[in-house]
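J.: My structure is in final-v5.pdb, and what it holds is PDB, C-alpha atoms:
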ATOM      1  CA  MET A1266      23.307 -20.011 -13.117
ATOM      2  CA  ASN A1267      20.796 -18.747 -10.546
ATOM      3  CA  GLU A1268      20.356 -15.392 -12.297
ATOM      4  CA  PHE A1269      17.676 -14.855 -14.904
ATOM      5  CA  PRO A1270      19.146 -14.583 -18.439
ATOM      6  CA  ASP A1271      19.625 -11.110 -19.924
ATOM      7  CA  ILE A1272      16.432 -11.163 -21.978
ATOM      8  CA  ARG A1273      14.376  -8.017 -22.237
ATOM      9  CA  ILE A1274      10.868  -7.729 -23.735
ATOM     10  CA  PRO A1275      10.089  -3.993 -23.481
ATOM     11  CA  ILE A1276       6.294  -4.160 -23.355
ATOM     12  CA  GLY A1277       6.206  -1.164 -21.031
ATOM     13  CA  ASN A1278       8.085   0.962 -23.566
ATOM     14  CA  GLY A1279       5.502   0.102 -26.203
ATOM     15  CA  VAL A1280       2.656   1.099 -23.923
ATOM     16  CA  GLU A1281       4.426   4.364 -23.075
ATOM     17  CA  LYS A1282       4.875   5.184 -26.765
ATOM     18  CA  PHE A1283       1.213   4.424 -27.403
ATOM     19  CA  ILE A1284       0.150   6.761 -24.574
ATOM     20  CA  ASP A1285       2.459   9.484 -25.928
ATOM     21  CA  PHE A1286       0.947   8.992 -29.399
ATOM     22  CA  LEU A1287      -2.588   9.402 -28.076
ATOM     23  CA  ALA A1288      -1.654  12.470 -26.030
ATOM     24  CA  ALA A1289       0.041  14.101 -29.021
ATOM     25  CA  ASN A1290      -2.569  13.321 -31.700
ATOM     26  CA  PHE A1291      -5.878  13.385 -29.836
ATOM     27  CA  ASP A1292      -5.298  16.416 -27.643
ATOM     28  CA  SER A1293      -8.508  18.171 -28.728
ATOM     29  CA  PHE A1294     -10.561  15.029 -28.074
ATOM     30  CA  PHE A1295      -9.262  14.738 -24.523
ATOM     31  CA  ASP A1296      -9.847  18.473 -23.996
ATOM     32  CA  PHE A1297     -13.467  17.959 -25.062
ATOM     33  CA  ILE A1298     -13.877  15.065 -22.601
ATOM     34  CA  PHE A1299     -12.320  17.199 -19.861
ATOM     35  CA  VAL A1300     -14.657  20.151 -20.463
ATOM     36  CA  ILE A1301     -17.796  17.990 -20.583
ATOM     37  CA  SER A1302     -16.851  15.864 -17.560
ATOM     38  CA  SER A1303     -15.802  18.884 -15.512
ATOM     39  CA  ALA A1304     -19.081  20.667 -16.293
ATOM     40  CA  MET A1305     -21.101  17.575 -15.315
ATOM     41  CA  ILE A1306     -19.285  17.157 -11.993
ATOM     42  CA  LYS A1307     -19.499  20.854 -11.083
ATOM     43  CA  GLY A1308     -23.169  21.039 -12.091
ATOM     44  CA  LEU A1309     -24.168  18.005 -10.033
ATOM     45  CA  GLU A1310     -22.092  19.164  -7.064
ATOM     46  CA  ALA A1311     -23.677  22.621  -7.178
ATOM     47  CA  GLY A1312     -27.130  21.033  -7.382
ATOM     48  CA  LEU A1313     -26.509  18.805  -4.355
ATOM     49  CA  LEU A1314     -25.087  21.698  -2.323
ATOM     50  CA  ALA A1315     -28.130  23.796  -3.232
ATOM     51  CA  ILE A1316     -30.432  21.250  -1.589
ATOM     52  CA  PRO A1317     -30.987  22.021   2.127
ATOM     53  CA  TRP A1318     -29.198  19.471   4.288
ATOM     54  CA  TRP A1319     -32.385  18.460   6.091
ATOM     55  CA  LEU A1320     -34.229  17.873   2.822
ATOM     56  CA  LEU A1321     -31.461  15.623   1.511
ATOM     57  CA  ILE A1322     -31.546  13.643   4.759
ATOM     58  CA  ILE A1323     -35.330  13.259   4.351
ATOM     59  CA  VAL A1324     -34.781  11.989   0.792
ATOM     60  CA  ILE A1325     -32.200   9.463   2.026
ATOM     61  CA  PHE A1326     -34.601   8.381   4.793
ATOM     62  CA  SER A1327     -37.449   7.955   2.293
ATOM     63  CA  LEU A1328     -35.334   5.897  -0.098
ATOM     64  CA  GLY A1329     -34.055   3.737   2.736
ATOM     65  CA  TRP A1330     -37.579   3.191   4.104
ATOM     66  CA  TYR A1331     -39.042   2.360   0.685
ATOM     67  CA  PHE A1332     -36.300   0.027  -0.545
ATOM     68  CA  THR A1333     -35.204  -1.560   2.758
ATOM     69  CA  SER A1334     -37.177  -0.883   5.952
ATOM     70  CA  LEU A1335     -38.146   1.836   8.403
ATOM     71  CA  TYR A1336     -35.113   0.919  10.506
ATOM     72  CA  GLY A1337     -32.902   1.182   7.436
ATOM     73  CA  GLY A1338     -34.264   4.617   6.561
ATOM     74  CA  LEU A1339     -33.687   5.900  10.087
ATOM     75  CA  LEU A1340     -30.165   4.445  10.145
ATOM     76  CA  PHE A1341     -29.237   6.020   6.801
ATOM     77  CA  ALA A1342     -30.624   9.388   7.919
ATOM     78  CA  LEU A1343     -28.527   9.117  11.090
ATOM     79  CA  PHE A1344     -25.424   8.337   9.028
ATOM     80  CA  MET A1345     -25.938  11.440   6.874
ATOM     81  CA  PHE A1346     -26.562  13.579   9.967
ATOM     82  CA  LEU A1347     -23.331  12.303  11.547
ATOM     83  CA  ILE A1348     -21.404  13.176   8.376
ATOM     84  CA  GLY A1349     -22.734  16.725   8.723
ATOM     85  CA  THR A1350     -21.583  16.886  12.339
ATOM     86  CA  PHE A1351     -18.077  15.926  11.175
ATOM     87  CA  ASN A1352     -18.067  19.181   9.143
ATOM     88  CA  LEU A1353     -17.617  17.121   5.962
ATOM     89  CA  TRP A1354     -20.920  17.893   4.205
ATOM     90  CA  PRO A1355     -19.430  19.760   1.179
ATOM     91  CA  GLN A1356     -16.748  17.091   0.714
ATOM     92  CA  THR A1357     -19.443  14.402   0.880
ATOM     93  CA  MET A1358     -21.453  16.121  -1.848
ATOM     94  CA  THR A1359     -18.307  16.274  -3.993
ATOM     95  CA  THR A1360     -17.669  12.556  -3.473
ATOM     96  CA  ILE A1361     -21.300  11.713  -4.285
ATOM     97  CA  SER A1362     -21.027  13.816  -7.463
ATOM     98  CA  ILE A1363     -17.870  12.008  -8.595
ATOM     99  CA  VAL A1364     -19.366   8.596  -7.812
ATOM    100  CA  LEU A1365     -22.698   9.341  -9.528
ATOM    101  CA  ILE A1366     -21.080  10.701 -12.686
ATOM    102  CA  SER A1367     -18.684   7.735 -12.785
ATOM    103  CA  VAL A1368     -21.498   5.226 -12.311
ATOM    104  CA  ILE A1369     -23.785   6.849 -14.882
ATOM    105  CA  LEU A1370     -21.041   6.886 -17.521
ATOM    106  CA  SER A1371     -20.024   3.326 -16.587
ATOM    107  CA  LEU A1372     -23.610   2.169 -17.156
ATOM    108  CA  VAL A1373     -23.925   4.087 -20.427
ATOM    109  CA  ILE A1374     -20.799   2.311 -21.682
ATOM    110  CA  GLY A1375     -21.113  -1.024 -19.857
ATOM    111  CA  ILE A1376     -24.732  -2.057 -20.469
ATOM    112  CA  PRO A1377     -24.508  -1.802 -24.301
ATOM    113  CA  PHE A1378     -21.213  -3.718 -24.181
ATOM    114  CA  GLY A1379     -22.873  -6.355 -21.994
ATOM    115  CA  ILE A1380     -25.746  -6.686 -24.480
ATOM    116  CA  TRP A1381     -23.258  -6.983 -27.338
ATOM    117  CA  THR A1382     -21.266  -9.709 -25.592
ATOM    118  CA  ALA A1383     -24.500 -11.566 -24.739
ATOM    119  CA  PHE A1384     -25.442 -11.830 -28.418
ATOM    120  CA  SER A1385     -21.958 -12.326 -29.869
ATOM    121  CA  LYS A1386     -19.805 -15.295 -28.861
ATOM    122  CA  THR A1387     -16.841 -13.711 -30.635
ATOM    123  CA  MET A1388     -17.194 -10.452 -28.720
ATOM    124  CA  SER A1389     -17.666 -12.396 -25.481
ATOM    125  CA  ALA A1390     -14.452 -14.342 -26.116
ATOM    126  CA  ILE A1391     -12.571 -11.098 -26.833
ATOM    127  CA  MET A1392     -13.936  -9.246 -23.806
ATOM    128  CA  ARG A1393     -13.469 -12.034 -21.255
ATOM    129  CA  PRO A1394      -9.661 -11.768 -20.902
ATOM    130  CA  ILE A1395      -9.859  -7.968 -21.096
ATOM    131  CA  LEU A1396     -12.379  -7.860 -18.240
ATOM    132  CA  ASP A1397     -10.288 -10.350 -16.259
ATOM    133  CA  ALA A1398      -7.269  -8.066 -16.630
ATOM    134  CA  MET A1399      -9.303  -4.972 -15.699
ATOM    135  CA  GLN A1400     -10.602  -6.624 -12.525
ATOM    136  CA  THR A1401      -7.217  -7.932 -11.390
ATOM    137  CA  MET A1402      -5.208  -4.807 -12.223
ATOM    138  CA  PRO A1403      -4.327  -2.767  -9.099
ATOM    139  CA  SER A1404      -6.492   0.335  -8.938
ATOM    140  CA  PHE A1405      -3.452   2.617  -8.676
ATOM    141  CA  VAL A1406      -2.332   1.559 -12.156
ATOM    142  CA  TYR A1407      -5.358   3.254 -13.734
ATOM    143  CA  LEU A1408      -4.138   6.617 -12.458
ATOM    144  CA  ILE A1409      -0.932   6.466 -14.525
ATOM    145  CA  PRO A1410      -2.346   6.968 -18.061
ATOM    146  CA  VAL A1411      -5.086   9.461 -17.126
ATOM    147  CA  ILE A1412      -2.623  11.996 -15.726
ATOM    148  CA  PHE A1413      -1.043  12.178 -19.206
ATOM    149  CA  PHE A1414      -4.346  13.162 -20.802
ATOM    150  CA  PHE A1415      -6.009  15.403 -18.213
ATOM    151  CA  PRO A1416      -4.978  18.052 -15.667
ATOM    152  CA  LEU A1417      -4.977  16.984 -12.031
ATOM    153  CA  GLY A1418      -8.415  17.174 -10.455
ATOM    154  CA  ASN A1419     -11.764  15.399 -10.433
ATOM    155  CA  VAL A1420     -11.849  14.516 -14.133
ATOM    156  CA  PRO A1421      -8.899  12.080 -14.229
ATOM    157  CA  ALA A1422     -10.315  10.455 -11.093
ATOM    158  CA  VAL A1423     -13.669   9.989 -12.849
ATOM    159  CA  ILE A1424     -12.042   8.483 -15.953
ATOM    160  CA  ALA A1425      -9.944   6.085 -13.857
ATOM    161  CA  THR A1426     -13.020   5.178 -11.812
ATOM    162  CA  ILE A1427     -15.040   4.417 -14.950
ATOM    163  CA  ILE A1428     -12.364   2.033 -16.234
ATOM    164  CA  TYR A1429     -12.041   0.390 -12.818
ATOM    165  CA  ALA A1430     -15.810   0.027 -12.275
ATOM    166  CA  LEU A1431     -16.855  -1.159 -15.770
ATOM    167  CA  PRO A1432     -16.290  -4.957 -15.581
ATOM    168  CA  PRO A1433     -19.117  -5.912 -13.145
ATOM    169  CA  VAL A1434     -21.901  -4.240 -15.128
ATOM    170  CA  ILE A1435     -20.627  -5.695 -18.434
ATOM    171  CA  ARG A1436     -20.333  -9.211 -17.005
ATOM    172  CA  LEU A1437     -23.671  -9.214 -15.179
ATOM    173  CA  THR A1438     -25.556  -7.651 -18.097
ATOM    174  CA  GLU A1439     -24.256 -10.442 -20.315
ATOM    175  CA  LEU A1440     -25.070 -13.059 -17.662
ATOM    176  CA  GLY A1441     -28.577 -11.717 -17.107
ATOM    177  CA  ILE A1442     -29.487 -11.752 -20.809
ATOM    178  CA  ARG A1443     -27.955 -15.198 -21.387
ATOM    179  CA  ASN A1444     -29.940 -16.624 -18.447
ATOM    180  CA  VAL A1445     -33.345 -15.410 -19.675
ATOM    181  CA  ASP A1446     -35.731 -18.354 -19.836
ATOM    182  CA  GLN A1447     -35.728 -19.616 -23.435
ATOM    183  CA  GLU A1448     -39.415 -20.541 -23.212
ATOM    184  CA  ILE A1449     -40.242 -16.869 -22.673
ATOM    185  CA  VAL A1450     -38.029 -15.912 -25.620
ATOM    186  CA  GLU A1451     -39.621 -18.532 -27.898
ATOM    187  CA  SER A1452     -43.077 -17.422 -26.804
ATOM    188  CA  ALA A1453     -42.266 -13.820 -27.751
ATOM    189  CA  GLN A1454     -40.855 -14.992 -31.084
ATOM    190  CA  SER A1455     -44.039 -16.909 -31.829
ATOM    191  CA  PHE A1456     -45.968 -13.639 -31.534
ATOM    192  CA  GLY A1457     -43.753 -12.120 -34.223
ATOM    193  CA  SER A1458     -41.644  -9.848 -32.000
ATOM    194  CA  SER A1459     -38.750  -8.098 -33.731
ATOM    195  CA  ARG A1460     -35.190  -8.301 -32.423
ATOM    196  CA  SER A1461     -35.438  -4.862 -30.795
ATOM    197  CA  GLN A1462     -38.840  -5.679 -29.271
ATOM    198  CA  MET A1463     -37.414  -8.918 -27.891
ATOM    199  CA  LEU A1464     -34.551  -7.061 -26.283
ATOM    200  CA  LEU A1465     -36.500  -4.122 -24.851
ATOM    201  CA  LYS A1466     -39.731  -5.867 -23.805
ATOM    202  CA  VAL A1467     -38.604  -9.386 -22.914
ATOM    203  CA  GLU A1468     -34.880  -9.925 -22.352
ATOM    204  CA  LEU A1469     -33.880  -6.697 -20.579
ATOM    205  CA  PRO A1470     -36.869  -6.724 -18.165
ATOM    206  CA  GLN A1471     -36.158 -10.367 -17.288
ATOM    207  CA  ALA A1472     -32.442  -9.659 -16.877
ATOM    208  CA  LEU A1473     -32.983  -6.457 -14.885
ATOM    209  CA  PRO A1474     -32.416  -7.956 -11.390
ATOM    210  CA  THR A1475     -29.058  -9.360 -12.491
ATOM    211  CA  ILE A1476     -28.156  -6.089 -14.198
ATOM    212  CA  MET A1477     -29.028  -4.237 -10.977
ATOM    213  CA  ALA A1478     -26.616  -6.494  -9.104
ATOM    214  CA  GLY A1479     -23.989  -5.289 -11.582
ATOM    215  CA  VAL A1480     -25.027  -1.680 -10.942
ATOM    216  CA  ASN A1481     -24.592  -2.301  -7.213
ATOM    217  CA  GLN A1482     -21.083  -3.719  -7.668
ATOM    218  CA  THR A1483     -20.105  -0.953 -10.079
ATOM    219  CA  THR A1484     -21.283   1.700  -7.612
ATOM    220  CA  MET A1485     -19.360   0.131  -4.737
ATOM    221  CA  MET A1486     -16.192  -0.095  -6.848
ATOM    222  CA  ALA A1487     -16.615   3.548  -7.861
ATOM    223  CA  LEU A1488     -16.861   4.546  -4.209
ATOM    224  CA  ALA A1489     -13.794   2.435  -3.422
ATOM    225  CA  MET A1490     -11.829   4.649  -5.816
ATOM    226  CA  ALA A1491     -12.678   7.784  -3.788
ATOM    227  CA  VAL A1492      -9.454   7.671  -1.783
ATOM    228  CA  VAL A1493      -7.323   6.433  -4.691
ATOM    229  CA  GLY A1494      -8.618   9.231  -6.928
ATOM    230  CA  SER A1495      -7.407  11.827  -4.427
ATOM    231  CA  MET A1496      -3.856  10.960  -5.508
ATOM    232  CA  VAL A1497      -4.553  12.648  -8.868
ATOM    233  CA  GLY A1498      -6.199  15.687  -7.312
ATOM    234  CA  ALA A1499      -9.773  14.494  -6.805
ATOM    235  CA  GLN A1500     -11.561  16.448  -4.111
ATOM    236  CA  GLY A1501     -14.035  15.206  -1.540
ATOM    237  CA  LEU A1502     -13.713  12.708   1.293
ATOM    238  CA  GLY A1503     -10.774  10.938  -0.313
ATOM    239  CA  GLU A1504      -8.815  14.188  -0.319
ATOM    240  CA  ARG A1505      -9.524  14.569   3.414
ATOM    241  CA  VAL A1506      -8.238  11.039   4.053
ATOM    242  CA  LEU A1507      -5.065  11.730   2.061
ATOM    243  CA  TYR A1508      -4.565  15.029   3.894
ATOM    244  CA  ALA A1509      -4.995  13.258   7.232
ATOM    245  CA  ILE A1510      -2.401  10.658   6.252
ATOM    246  CA  ASN A1511       0.111  13.340   5.280
ATOM    247  CA  ARG A1512      -0.495  15.249   8.529
ATOM    248  CA  ILE A1513      -0.933  12.113  10.687
ATOM    249  CA  ASP A1514      -4.271  13.579  11.761
ATOM    250  CA  ILE A1515      -6.038  10.621  13.373
ATOM    251  CA  SER A1516      -9.238  12.551  14.106
ATOM    252  CA  LEU A1517      -9.758  13.812  10.556
ATOM    253  CA  GLY A1518      -8.679  10.495   9.056
ATOM    254  CA  PHE A1519     -11.192   8.552  11.148
ATOM    255  CA  GLU A1520     -14.061  10.957  10.461
ATOM    256  CA  ALA A1521     -13.429  11.066   6.703
ATOM    257  CA  GLY A1522     -12.895   7.309   6.570
ATOM    258  CA  VAL A1523     -16.044   6.465   8.499
ATOM    259  CA  SER A1524     -17.995   8.910   6.302
ATOM    260  CA  ILE A1525     -16.946   6.876   3.259
ATOM    261  CA  VAL A1526     -18.076   3.735   5.095
ATOM    262  CA  PHE A1527     -21.456   5.362   5.825
ATOM    263  CA  LEU A1528     -21.898   6.256   2.139
ATOM    264  CA  ALA A1529     -20.915   2.723   1.122
ATOM    265  CA  ILE A1530     -23.519   1.193   3.454
ATOM    266  CA  ILE A1531     -26.256   3.565   2.256
ATOM    267  CA  ILE A1532     -25.524   2.975  -1.431
ATOM    268  CA  ASP A1533     -25.132  -0.785  -1.023
ATOM    269  CA  ARG A1534     -28.383  -1.246   0.914
ATOM    270  CA  ILE A1535     -30.482   1.011  -1.329
ATOM    271  CA  THR A1536     -29.243  -0.445  -4.633
ATOM    272  CA  GLY A1537     -29.551  -3.933  -3.143
ATOM    273  CA  GLY A1538     -33.121  -3.141  -2.140
ATOM    274  CA  ILE A1539     -33.897  -1.948  -5.671
ATOM    275  CA  ALA A1540     -32.501  -5.213  -7.082
ATOM    276  CA  LYS A1541     -34.628  -7.311  -4.691
ATOM    277  CA  ARG A1542     -37.788  -5.415  -5.609
ATOM    278  CA  LEU A1543     -37.086  -5.862  -9.311
ATOM    279  CA  GLN A1544     -36.409  -9.561  -8.772
ATOM    280  CA  LYS A1545     -39.687  -9.974  -6.865
ATOM    281  CA  HIS A1546     -41.544  -8.045  -9.560
ATOM    282  CA  GLY A1547     -39.948 -10.265 -12.213
ATOM    283  CA  ARG A1548     -41.088 -13.446 -10.410
ATOM    284  CA  ASP A1549     -44.625 -12.052  -9.979
ATOM    285  CA  SER A1550     -44.901 -11.057 -13.642
ATOM    286  CA  ALA A1551     -43.529 -14.442 -14.737
TER     287      ALA A1551
END
What do you get writing this file as structure tokens?
T.:
Amino acid sequence: MNEFPDIRIPIGNGVEKFIDFLAANFDSFFDFIFVISSAMIKGLEAGLLAIPWWLLIIVIFSLGWYFTSLYGGLLFALFMFLIGTFNLWPQTMTTISIVLISVILSLVIGIPFGIWTAFSKTMSAIMRPILDAMQTMPSFVYLIPVIFFFPLGNVPAVIATIIYALPPVIRLTELGIRNVDQEIVESAQSFGSSRSQMLLKVELPQALPTIMAGVNQTTMMALAMAVVGSMVGAQGLGERVLYAINRIDISLGFEAGVSIVFLAIIIDRITGGIAKRLQKHGRDSA
């Protein structure tokens, strides 16, 4: 009586068959995605490695100073210098490449979806449970389907990261547009603005601080996948952490781990500073 009855609903089998169907019938499509994504990652990585280390540190310092403070710029420059002293500079550039490509593609997909959900109650109702499921799903689960479609390496990690990091930018884009002051919208309508003009010149600029908060969260979630992505062959700092775990190398594990923390702090503070500036600009223009 204490045992659960012998009832089986094989949802997992259905999902597996669907994945097999996609892998068998859309092989050329996934090959195209792999080639494009791989070229983007390698190109960005090569570009970052071509920049002298001192120049990149100066750029980080300048961004930190402009968007946070002089102290912030100096601190971020020190973080990047310390990463170099750990002998992890190439791995850091690889991780930055994976994160940047993932974030850019997440924004290209997520912001239009957020706009769509903001203007369509039906689409919003459909997307809400999907986004809830995406945000509560363990990050490791996203690695399972991508390894069926792509060879091990950086590309499956990028695809999994995009799926994992999409919800914040979709939600906050929708929230930002929905919270635009209706008096501003009605004023623009009274001047005969078209729907596209309303969106591009009124609603998106007003919603930009909220959207930037979504960009910040998406970027942080993408960076959080750095170690998880190493389990499907992604290179960079996450690979060093995984290697250190396998070898029980405390020194390497700490240095690679703290390097990821440094990157997280730099990205969080700079994107947060951008959001604050946009918010202040929005209040001044209003």
J.: Point out the residue among A:Thr1382, A:Ala1487, A:Leu1517, A:Phe1414 with the least atom-to-atom distance to Ser1293 of chain A, counting all atoms listed in the file.
T.: A:Phe1414
J.: Determine, for each residue of segment 1469-1498 of chain A having at least one atom at most 7 Å from an atom of segment 1441-1461 of chain A, the closest pair of atoms and their separation in Å to one decimal, counting all atoms listed in the file; order by chain and ascending number, as a tab-separated table.
T.:
residue	atom	partner	partner_atom	distance
A:Leu1469	CA	A:Ile1442	CA	6.7
A:Gln1471	CA	A:Val1445	CA	6.2
A:Ala1472	CA	A:Gly1441	CA	4.4
A:Thr1475	CA	A:Gly1441	CA	5.2
A:Ile1476	CA	A:Gly1441	CA	6.3
J.: Quick one: distance from atom CA of Gln1500 of chain A to atom CA of Met1399 of chain A in Å, one decimal?
T.: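 Atom CA of Gln1500 of chain A sits 24.5 Å away from atom CA of Met1399 of chain A.
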J.: May I have the centre and edge lengths, in Å to one decimal, of an axis-aligned box around the listed atoms of segment 1414-1423 of chain A with 4 Å added to every side, as JSON?
T.:
{"center_x": -9.0, "center_y": 14.0, "center_z": -15.6, "size_x": 17.3, "size_y": 16.1, "size_z": 18.4}
J.: To one decimal place, how far is atom CA of Ala1491 of chain A from atom CA of Gly1538 of chain A in Å?
T.: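 So the answer is 23.2 Å.
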J.: Excluding Thr1359 of chain A and residues on its chain fewer than 5 positions from it, collect all residues at most 8 Å away from it, counting all atoms listed in the file, and give them as a PyMOL selection string.
T.: chain A and resi 1310+1500-1502
J.: What is the atom CA of Gly1479 of chain A-atom CA of Leu1437 of chain A distance in Å, reported with one decimal?
T.: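 Here the two named atoms are 5.3 Å from each other.
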J.: Name the closest residue to Gln1482 of chain A among the candidates A:Ser1385, A:Leu1408, A:Val1420, A:Ser1371; distances are taken between atoms, counting only C-alpha atoms.
T.: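 Nearest candidate to Gln1482 of chain A out of A:Ser1385, A:Leu1408, A:Val1420, A:Ser1371: A:Ser1371.
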J.: Looking at A:Val1406, A:Val1300, A:Ile1539, A:Leu1464, which one is nearest to Trp1381 of chain A, with distances taken over all atoms listed in the file?
T.: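 Of A:Val1406, A:Val1300, A:Ile1539, A:Leu1464, the one nearest Trp1381 of chain A, counting all atoms listed in the file, is A:Leu1464.
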J.: Taking a cut-off of 12 Å and counting all atoms listed in the file, can you build a table that, for each residue of segment 1422-1534 of chain A near segment 1312-1330 of chain A, reports the nearest atom pair and how far apart they are in Å (one decimal), sorted by chain then residue number, as a tab-separated table?
T.:
residue	atom	partner	partner_atom	distance
A:Leu1528	CA	A:Ile1325	CA	10.8
A:Ile1530	CA	A:Gly1329	CA	10.9
A:Ile1531	CA	A:Gly1329	CA	7.8
A:Ile1532	CA	A:Gly1329	CA	9.5
A:Asp1533	CA	A:Gly1329	CA	10.7
A:Arg1534	CA	A:Gly1329	CA	7.8
J.: Looking at all atoms listed in the file, which of A:Gln1356, A:Asn1419, A:Ser1389, A:Asn1481 is the one that sits closest to Val1506 of chain A?
T.: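 Among A:Gln1356, A:Asn1419, A:Ser1389, A:Asn1481, it is A:Gln1356 that comes nearest to Val1506 of chain A.
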J.: Which is closer to Ala1311 of chain A than all the others in A:Phe1283, A:Asp1296, A:Ser1362, A:Gly1349, using all atoms listed in the file?
T.: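 Checking each of A:Phe1283, A:Asp1296, A:Ser1362, A:Gly1349 against Ala1311 of chain A, counting all atoms listed in the file, the winner is A:Ser1362.
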J.: Using only C-alpha atoms, what does the table of segment 1467-1548 of chain A residues within 12 Å of segment 1410-1413 of chain A look like, with each row giving the shortest atom pair and its distance in Å to one decimal, sorted by chain and ascending number, as a tab-separated table?
T.:
residue	atom	partner	partner_atom	distance
A:Gly1494	CA	A:Val1411	CA	10.8
A:Met1496	CA	A:Ile1412	CA	10.3
A:Val1497	CA	A:Ile1412	CA	7.2
A:Gly1498	CA	A:Ile1412	CA	9.9
A:Ala1499	CA	A:Ile1412	CA	11.7
J.: Using only C-alpha atoms for the distances, tell me which of A:Ala1390, A:Met1358, A:Ile1298, A:Ala1529 is nearest to Phe1415 of chain A.
T.: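 Smallest distance to Phe1415 of chain A is found for A:Ile1298.
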J.: List every protein, DNA or RNA residue with an atom no more than 10 Å from (-22.2, -6.5, -23.3) in the file's coordinates, counting only C-alpha atoms, and format the result as a list in words.
T.: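 Every residue inside that radius is included here: Ile1374, Gly1375, Ile1376, Pro1377, Phe1378, Gly1379, Ile1380, Trp1381, Thr1382, Ala1383, Phe1384, Ser1385, Met1388, Ser1389, Met1392, Pro1432, Val1434, Ile1435, Arg1436, Leu1437, Thr1438, Glu1439, Leu1440 and Ile1442 of chain A.
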J.: Using the chain letters and residue numbers of this document, give as a ChimeraX atom specification the residues selected by the PyMOL selection byres ((chain A and resi 1369) around 12).
T.: /A:1302,1305-1306,1361-1368,1370-1376,1423-1424,1426-1427,1430-1431,1434,1480-1481,1483-1484,1487
J.: Since we have the selection now, will you write its residues out, keeping C-alpha atoms, as a tab-separated table (two decimals), keeping the file's coordinate frame?
T.:
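What follows is the written file again_12.tsv:
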chain	number	residue	atom	x	y	z
A	1302	SER	CA	-16.85	15.86	-17.56
A	1305	MET	CA	-21.10	17.58	-15.32
A	1306	ILE	CA	-19.28	17.16	-11.99
A	1361	ILE	CA	-21.30	11.71	-4.28
A	1362	SER	CA	-21.03	13.82	-7.46
A	1363	ILE	CA	-17.87	12.01	-8.60
A	1364	VAL	CA	-19.37	8.60	-7.81
A	1365	LEU	CA	-22.70	9.34	-9.53
A	1366	ILE	CA	-21.08	10.70	-12.69
A	1367	SER	CA	-18.68	7.74	-12.78
A	1368	VAL	CA	-21.50	5.23	-12.31
A	1370	LEU	CA	-21.04	6.89	-17.52
A	1371	SER	CA	-20.02	3.33	-16.59
A	1372	LEU	CA	-23.61	2.17	-17.16
A	1373	VAL	CA	-23.92	4.09	-20.43
A	1374	ILE	CA	-20.80	2.31	-21.68
A	1375	GLY	CA	-21.11	-1.02	-19.86
A	1376	ILE	CA	-24.73	-2.06	-20.47
A	1423	VAL	CA	-13.67	9.99	-12.85
A	1424	ILE	CA	-12.04	8.48	-15.95
A	1426	THR	CA	-13.02	5.18	-11.81
A	1427	ILE	CA	-15.04	4.42	-14.95
A	1430	ALA	CA	-15.81	0.03	-12.28
A	1431	LEU	CA	-16.86	-1.16	-15.77
A	1434	VAL	CA	-21.90	-4.24	-15.13
A	1480	VAL	CA	-25.03	-1.68	-10.94
A	1481	ASN	CA	-24.59	-2.30	-7.21
A	1483	THR	CA	-20.10	-0.95	-10.08
A	1484	THR	CA	-21.28	1.70	-7.61
A	1487	ALA	CA	-16.61	3.55	-7.86
J.: Please provide the set of residues having any atom within 9 Å of segment 1518-1525 of chain A, restricted to all atoms listed in the file, with same-chain residues fewer than 5 positions apart removed, written as a list in words.
T.: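 Counting only the stated atoms, we get Phe1344, Met1345, Leu1347, Ile1348, Phe1351, Leu1353, Thr1357, Thr1360, Leu1488, Ala1489, Ala1491, Leu1502, Gly1503, Glu1504, Arg1505, Val1506, Leu1507, Tyr1508, Ala1509, Ile1510, Ile1513 and Ile1530 of chain A.
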J.: N, CA and C atoms for segment 1459-1467 of chain A, written as an mmCIF file, in the frame of the given file, could you do that?
T.:
data_model
loop_
_atom_site.group_PDB
_atom_site.id
_atom_site.type_symbol
_atom_site.label_atom_id
_atom_site.label_comp_id
_atom_site.auth_asym_id
_atom_site.auth_seq_id
_atom_site.Cartn_x
_atom_site.Cartn_y
_atom_site.Cartn_z
ATOM 1 N N SER A 1459 -40.009 -8.408 -33.052
ATOM 2 C CA SER A 1459 -38.750 -8.098 -33.731
ATOM 3 C C SER A 1459 -37.593 -8.236 -32.756
ATOM 4 N N ARG A 1460 -36.365 -8.158 -33.271
ATOM 5 C CA ARG A 1460 -35.190 -8.301 -32.423
ATOM 6 C C ARG A 1460 -35.145 -7.207 -31.363
ATOM 7 N N SER A 1461 -35.450 -5.967 -31.757
ATOM 8 C CA SER A 1461 -35.438 -4.862 -30.795
ATOM 9 C C SER A 1461 -36.555 -4.999 -29.770
ATOM 10 N N GLN A 1462 -37.734 -5.464 -30.204
ATOM 11 C CA GLN A 1462 -38.840 -5.679 -29.271
ATOM 12 C C GLN A 1462 -38.497 -6.778 -28.270
ATOM 13 N N MET A 1463 -37.840 -7.829 -28.768
ATOM 14 C CA MET A 1463 -37.414 -8.918 -27.891
ATOM 15 C C MET A 1463 -36.477 -8.413 -26.802
ATOM 16 N N LEU A 1464 -35.540 -7.572 -27.221
ATOM 17 C CA LEU A 1464 -34.551 -7.061 -26.283
ATOM 18 C C LEU A 1464 -35.190 -6.137 -25.262
ATOM 19 N N LEU A 1465 -35.985 -5.167 -25.724
ATOM 20 C CA LEU A 1465 -36.500 -4.122 -24.851
ATOM 21 C C LEU A 1465 -37.667 -4.584 -23.989
ATOM 22 N N LYS A 1466 -38.504 -5.499 -24.506
ATOM 23 C CA LYS A 1466 -39.731 -5.867 -23.805
ATOM 24 C C LYS A 1466 -39.669 -7.231 -23.126
ATOM 25 N N VAL A 1467 -38.675 -8.041 -23.490
ATOM 26 C CA VAL A 1467 -38.604 -9.386 -22.914
ATOM 27 C C VAL A 1467 -37.287 -9.610 -22.178
#
